[in-house]
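**Student:** Supplied structure: start.csv, CSV, C-alpha atoms.
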```csv
chain,number,residue,atom,x,y,z
A,1,MET,CA,108.4,160.0,36.8
A,2,CYS,CA,106.6,159.3,40.1
A,3,SER,CA,107.3,160.9,43.4
A,4,SER,CA,109.8,159.5,45.9
A,5,ASP,CA,107.0,158.1,48.2
A,6,LEU,CA,105.1,156.5,45.3
A,7,ARG,CA,108.4,155.0,43.9
A,8,ILE,CA,109.2,153.5,47.3
A,9,ASP,CA,105.6,152.2,47.8
A,10,LEU,CA,105.7,150.7,44.3
A,11,PHE,CA,109.0,148.9,45.0
A,12,CYS,CA,107.7,147.5,48.3
A,13,ARG,CA,104.5,146.3,46.7
A,14,ARG,CA,106.3,144.7,43.7
A,15,VAL,CA,109.1,143.0,45.7
A,16,GLY,CA,106.3,141.6,48.0
A,17,GLU,CA,104.5,140.2,44.9
A,18,TYR,CA,107.5,138.0,44.3
A,19,ARG,CA,107.0,136.4,47.8
A,20,ALA,CA,109.7,138.5,49.5
A,21,GLU,CA,109.0,139.6,53.0
A,22,VAL,CA,109.2,143.4,53.2
A,23,HIS,CA,109.7,145.6,56.2
A,24,ARG,CA,110.1,149.4,56.4
A,25,ALA,CA,112.1,151.1,59.2
A,26,ASP,CA,114.1,154.1,60.2
A,27,GLU,CA,117.8,153.7,60.1
A,28,ALA,CA,118.1,153.8,63.9
A,29,ASP,CA,115.8,150.8,64.2
A,30,LEU,CA,117.7,148.6,61.8
A,31,PRO,CA,119.7,146.5,64.3
A,32,THR,CA,116.5,145.7,66.2
A,33,LEU,CA,114.6,144.9,63.0
A,34,ILE,CA,117.4,142.6,61.8
A,35,SER,CA,117.3,140.7,65.2
A,36,SER,CA,113.5,140.4,64.9
A,37,VAL,CA,113.7,139.1,61.4
A,38,CYS,CA,116.3,136.5,62.4
A,39,ILE,CA,114.3,135.4,65.4
A,40,SER,CA,111.2,134.9,63.2
A,41,HIS,CA,113.3,132.8,60.7
A,42,ASP,CA,115.1,130.9,63.4
A,43,ALA,CA,118.4,132.3,62.1
A,44,ARG,CA,121.1,132.6,64.7
A,45,ARG,CA,124.2,133.1,62.5
A,46,LEU,CA,124.4,135.4,59.5
A,47,VAL,CA,127.4,135.8,57.2
A,48,VAL,CA,128.1,139.4,56.3
A,49,PRO,CA,130.5,141.0,53.8
A,50,PRO,CA,133.5,142.8,55.3
A,51,GLY,CA,132.2,146.3,54.5
A,52,ILE,CA,128.9,146.0,56.4
A,53,PRO,CA,128.2,149.1,58.4
A,54,ALA,CA,128.8,148.9,62.1
A,55,ALA,CA,125.3,150.3,62.7
A,56,TRP,CA,123.7,147.2,61.2
A,57,ARG,CA,125.4,144.9,63.8
A,58,GLY,CA,122.9,144.0,66.5
A,59,THR,CA,123.7,141.9,69.5
A,60,ASP,CA,121.1,139.2,69.3
A,61,VAL,CA,122.5,137.5,66.2
A,62,GLU,CA,126.0,136.2,65.6
A,63,LEU,CA,127.4,137.9,62.5
A,64,VAL,CA,130.2,136.0,60.7
A,65,ASP,CA,132.5,138.1,58.6
A,66,ASP,CA,133.2,136.6,55.2
A,67,HIS,CA,136.8,136.3,54.5
A,68,GLY,CA,136.5,133.8,51.7
A,69,LEU,CA,134.3,131.2,53.4
A,70,SER,CA,133.9,128.0,51.5
A,71,ALA,CA,130.6,126.9,50.0
A,72,ALA,CA,130.3,124.4,52.9
A,73,ASP,CA,130.9,127.1,55.5
A,74,LEU,CA,128.3,129.3,53.8
A,75,ASP,CA,125.8,126.4,53.8
A,76,ALA,CA,126.4,126.0,57.5
A,77,VAL,CA,125.2,129.6,58.4
A,78,ASP,CA,121.5,130.4,58.7
A,79,GLY,CA,121.6,133.3,56.3
A,80,VAL,CA,123.3,136.4,54.9
A,81,LEU,CA,122.9,140.1,55.5
A,82,THR,CA,123.8,142.5,52.7
A,83,GLY,CA,123.1,145.9,51.3
A,84,CYS,CA,122.5,146.6,47.6
A,85,THR,CA,123.6,149.0,44.9
A,86,ALA,CA,120.2,149.9,43.6
A,87,ALA,CA,116.6,148.7,43.6
A,88,ILE,CA,114.1,149.0,40.7
A,89,ALA,CA,110.5,150.0,41.7
A,90,GLU,CA,108.7,149.0,38.5
A,91,THR,CA,110.0,145.4,38.7
A,92,GLY,CA,110.6,144.9,42.4
A,93,THR,CA,114.2,144.1,41.6
A,94,ILE,CA,117.3,144.4,43.8
A,95,VAL,CA,120.7,145.1,42.0
A,96,LEU,CA,123.9,143.7,43.6
A,97,THR,CA,127.4,144.5,42.2
A,98,ALA,CA,129.6,142.7,44.8
A,99,GLY,CA,130.2,146.1,46.5
A,100,ARG,CA,131.5,146.4,50.0
A,101,HIS,CA,128.0,146.1,51.6
A,102,GLU,CA,127.1,143.2,49.2
A,103,GLY,CA,130.1,140.9,49.2
A,104,ARG,CA,130.9,138.3,46.6
A,105,ARG,CA,128.1,136.6,44.6
A,106,SER,CA,128.2,133.2,46.5
A,107,LEU,CA,127.2,135.0,49.7
A,108,THR,CA,123.8,135.6,48.3
A,109,LEU,CA,123.4,132.3,46.5
A,110,VAL,CA,124.3,129.7,49.1
A,111,PRO,CA,122.6,130.5,52.4
A,112,ASP,CA,118.9,129.8,52.5
A,113,LEU,CA,117.9,133.2,53.9
A,114,HIS,CA,119.0,136.6,52.4
A,115,VAL,CA,118.3,139.7,54.4
A,116,CYS,CA,118.9,142.7,52.2
A,117,VAL,CA,119.0,146.3,53.3
A,118,VAL,CA,117.7,148.8,50.7
A,119,ARG,CA,118.0,152.4,51.5
A,120,GLU,CA,115.2,154.6,50.1
A,121,PRO,CA,117.5,156.8,48.0
A,122,GLN,CA,118.7,153.6,46.2
A,123,ILE,CA,115.3,153.0,44.8
A,124,VAL,CA,114.9,154.1,41.2
A,125,GLU,CA,111.7,153.9,39.1
A,126,LEU,CA,112.9,152.0,36.0
A,127,LEU,CA,115.7,149.7,34.8
A,128,PRO,CA,117.4,152.4,32.6
A,129,GLU,CA,117.9,154.5,35.8
A,130,ALA,CA,119.5,151.6,37.6
A,131,LEU,CA,121.8,151.0,34.6
A,132,ALA,CA,122.7,154.7,34.6
A,133,THR,CA,123.6,154.4,38.3
A,134,LEU,CA,125.9,151.5,37.5
A,135,ALA,CA,127.5,153.4,34.7
A,136,ALA,CA,128.0,156.6,36.8
A,137,ASP,CA,129.6,154.6,39.6
A,138,ARG,CA,131.7,152.7,37.0
A,139,LEU,CA,130.2,149.4,38.1
A,140,GLU,CA,129.1,148.1,34.7
A,141,ARG,CA,132.1,145.7,34.6
A,142,GLN,CA,131.5,144.3,38.0
A,143,PRO,CA,129.6,141.0,38.4
A,144,ILE,CA,126.0,142.2,38.5
A,145,THR,CA,123.1,140.2,40.0
A,146,PHE,CA,119.5,141.1,39.6
A,147,ILE,CA,117.2,139.6,42.3
A,148,SER,CA,113.4,139.6,41.9
A,149,GLY,CA,112.2,137.6,44.9
A,150,PRO,CA,113.4,134.4,46.4
A,151,SER,CA,114.9,131.8,44.1
A,152,ALA,CA,112.2,129.7,42.4
A,153,THR,CA,111.7,127.6,39.3
A,154,SER,CA,109.1,125.4,37.9
A,155,ASP,CA,109.3,121.9,36.5
A,156,ILE,CA,107.7,120.7,33.3
A,157,GLU,CA,104.4,120.2,35.1
A,158,LEU,CA,104.7,123.8,36.4
A,159,SER,CA,105.2,122.7,40.0
A,160,ARG,CA,107.0,125.6,41.7
A,161,VAL,CA,110.2,124.7,43.5
A,162,GLU,CA,111.9,127.3,45.7
A,163,GLY,CA,115.5,127.6,46.7
A,164,VAL,CA,117.1,125.7,43.8
A,165,HIS,CA,119.3,128.6,42.5
A,166,GLY,CA,119.6,130.7,45.6
A,167,PRO,CA,117.9,131.6,48.9
A,168,ARG,CA,114.5,130.2,49.5
A,169,ASN,CA,113.7,133.2,51.7
A,170,LEU,CA,114.3,136.9,50.8
A,171,VAL,CA,113.7,139.6,53.4
A,172,VAL,CA,113.9,143.1,52.2
A,173,LEU,CA,114.4,145.9,54.8
A,174,VAL,CA,113.6,149.3,53.2
A,175,VAL,CA,115.3,151.9,55.3
A,176,LYS,CA,114.5,155.6,55.6
A,177,GLU,CA,117.8,157.3,56.3
A,178,SER,CA,118.1,159.6,59.2
A,179,SER,CA,118.3,163.3,58.3
```
Please express what this file holds, its structure, as structure tokens.

**Tutor:**
Amino acid sequence: MCSSDLRIDLFCRRVGEYRAEVHRADEADLPTLISSVCISHDARRLVVPPGIPAAWRGTDVELVDDHGLSAADLDAVDGVLTGCTAAIAETGTIVLTAGRHEGRRSLTLVPDLHVCVVREPQIVELLPEALATLAADRLERQPITFISGPSATSDIELSRVEGVHGPRNLVVLVVKESS
């Protein structure tokens, strides 16, 4: 098992290898970072799950609370801001379980930009550890989504196409929690 710092560095490197944009920040800087990321992606409106922490709500971006928005409504926003249940360092994978910081599955599949907050303590080294976290929290029967980078597929000629089955852009904000 690797140290916490090595595990976090490995996760950041691996998720970046999947063409995700990765930023590291202190928890207190999160609203400013979210605003900065949105400006760089020309995103003015993000949908958020109802349980998003108040501390994530900046003032430079309009956050639209999801209360059952339709697919058309979700397509009309510029992106989505969520948290996650766990992250796996070895594979650079984010695990979503439709929790209060994550929202329903369609939130992370319809908008073209997904900004995902990953807290450092949520990063585990291997898949079995992530599965143990799900079991310990009794989440194994929830809808579970594993995300390894932006949505992409290849056609028969191996031409890469992004954004077919989910967001074309994934931004991962790895947050060091305040002590």

**Student:** Could you work out how far CA of Leu127 in chain A lies from CA of Leu33 in chain A, giving the answer in Å with one decimal?

**Tutor:**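 Spanning CA of Leu33 in chain A to CA of Leu127 in chain A is a straight-line distance of 28.6 Å.
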
**Student:** Hey, which of A:Thr108, A:Ser148, A:Ser36, A:Thr82 ends up closest to Pro167 in chain A? Count only C-alpha atoms.

**Tutor:**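 Among the listed residues, the smallest separation from Pro167 in chain A belongs to A:Thr108.
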
**Student:** Taking all atoms listed in the file into account, which of A:Val172, A:Leu69, A:Cys38, A:Ala87 comes nearest Arg104 in chain A?

**Tutor:**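 Checking each candidate against Arg104 in chain A, we get A:Leu69 as the closest.
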
**Student:** Please work out which residues fall within 10 Å of (117.9, 152.9, 56.9), coordinates as given in the file, with only C-alpha atoms counting, and return them as a PyMOL selection string.

**Tutor:** chain A and resi 24-31+55-56+117-121+173-178

**Student:** Write a file of the just-selected residues containing C-alpha atoms, as a PDB file, in the frame of the given file.

**Tutor:**
```pdb
ATOM      1  CA  ARG A  24     110.100 149.400  56.400  1.00  0.00           C
ATOM      2  CA  ALA A  25     112.100 151.100  59.200  1.00  0.00           C
ATOM      3  CA  ASP A  26     114.100 154.100  60.200  1.00  0.00           C
ATOM      4  CA  GLU A  27     117.800 153.700  60.100  1.00  0.00           C
ATOM      5  CA  ALA A  28     118.100 153.800  63.900  1.00  0.00           C
ATOM      6  CA  ASP A  29     115.800 150.800  64.200  1.00  0.00           C
ATOM      7  CA  LEU A  30     117.700 148.600  61.800  1.00  0.00           C
ATOM      8  CA  PRO A  31     119.700 146.500  64.300  1.00  0.00           C
ATOM      9  CA  ALA A  55     125.300 150.300  62.700  1.00  0.00           C
ATOM     10  CA  TRP A  56     123.700 147.200  61.200  1.00  0.00           C
ATOM     11  CA  VAL A 117     119.000 146.300  53.300  1.00  0.00           C
ATOM     12  CA  VAL A 118     117.700 148.800  50.700  1.00  0.00           C
ATOM     13  CA  ARG A 119     118.000 152.400  51.500  1.00  0.00           C
ATOM     14  CA  GLU A 120     115.200 154.600  50.100  1.00  0.00           C
ATOM     15  CA  PRO A 121     117.500 156.800  48.000  1.00  0.00           C
ATOM     16  CA  LEU A 173     114.400 145.900  54.800  1.00  0.00           C
ATOM     17  CA  VAL A 174     113.600 149.300  53.200  1.00  0.00           C
ATOM     18  CA  VAL A 175     115.300 151.900  55.300  1.00  0.00           C
ATOM     19  CA  LYS A 176     114.500 155.600  55.600  1.00  0.00           C
ATOM     20  CA  GLU A 177     117.800 157.300  56.300  1.00  0.00           C
ATOM     21  CA  SER A 178     118.100 159.600  59.200  1.00  0.00           C
TER      22      SER A 178
END
```

**Student:** Quick one: residues within 10 Å of (120.0, 135.0, 56.9) (file frame), counting all atoms listed in the file, please, as a ChimeraX atom specification.

**Tutor:** /A:34,37-38,41-48,61,63,77-82,108,111-116,167,169-171

**Student:** Record the distance separating CA of Leu10 in chain A and CA of Ile147 in chain A, expressed in Å with one decimal.

**Tutor:**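 Computing the Euclidean distance for CA of Leu10 in chain A and CA of Ile147 in chain A yields 16.1 Å.
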
**Student:** Quick one: distance from CA of Thr93 in chain A to CA of Asp60 in chain A in Å, one decimal?

**Tutor:**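 Between CA of Thr93 in chain A and CA of Asp60 in chain A the gap is 29.0 Å.
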
**Student:** For Ala135 in chain A, which residue out of A:Gly92, A:Ser106, A:Ala76, A:Thr97 is the nearest one, using only C-alpha atoms?

**Tutor:**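 Looking only at the distances to Ala135 in chain A, the closest residue turns out to be A:Thr97.
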
**Student:** Compare A:Thr145, A:Arg138, A:Tyr18, A:Ala89 by their minimum atom-to-atom distance to Ser4 in chain A, counting only C-alpha atoms, and give me the closest one.

**Tutor:**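 So, comparing all the options, the nearest one is A:Ala89.
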
**Student:** Choose the residue, out of A:Ser35, A:Thr91, A:Thr59, A:Thr85, that has the smallest atom-to-atom separation from Glu125 in chain A; count all atoms listed in the file.

**Tutor:** A:Thr91

**Student:** Find, counting all atoms listed in the file, the residue in A:Arg19, A:Asp66, A:Glu102, A:Ile88 that gets nearest to Pro143 in chain A.

**Tutor:**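 Counting all atoms listed in the file, the residue closest to Pro143 in chain A is A:Glu102.
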
**Student:** First collect every listed atom of range 80-96 of chain A; then fit an axis-aligned box around them, widen it by 6 Å on each side, and give centre and edge lengths in Å to one decimal, as JSON.

**Tutor:**
```
{"center_x": 116.3, "center_y": 143.2, "center_z": 47.0, "size_x": 27.2, "size_y": 25.6, "size_z": 29.0}
```
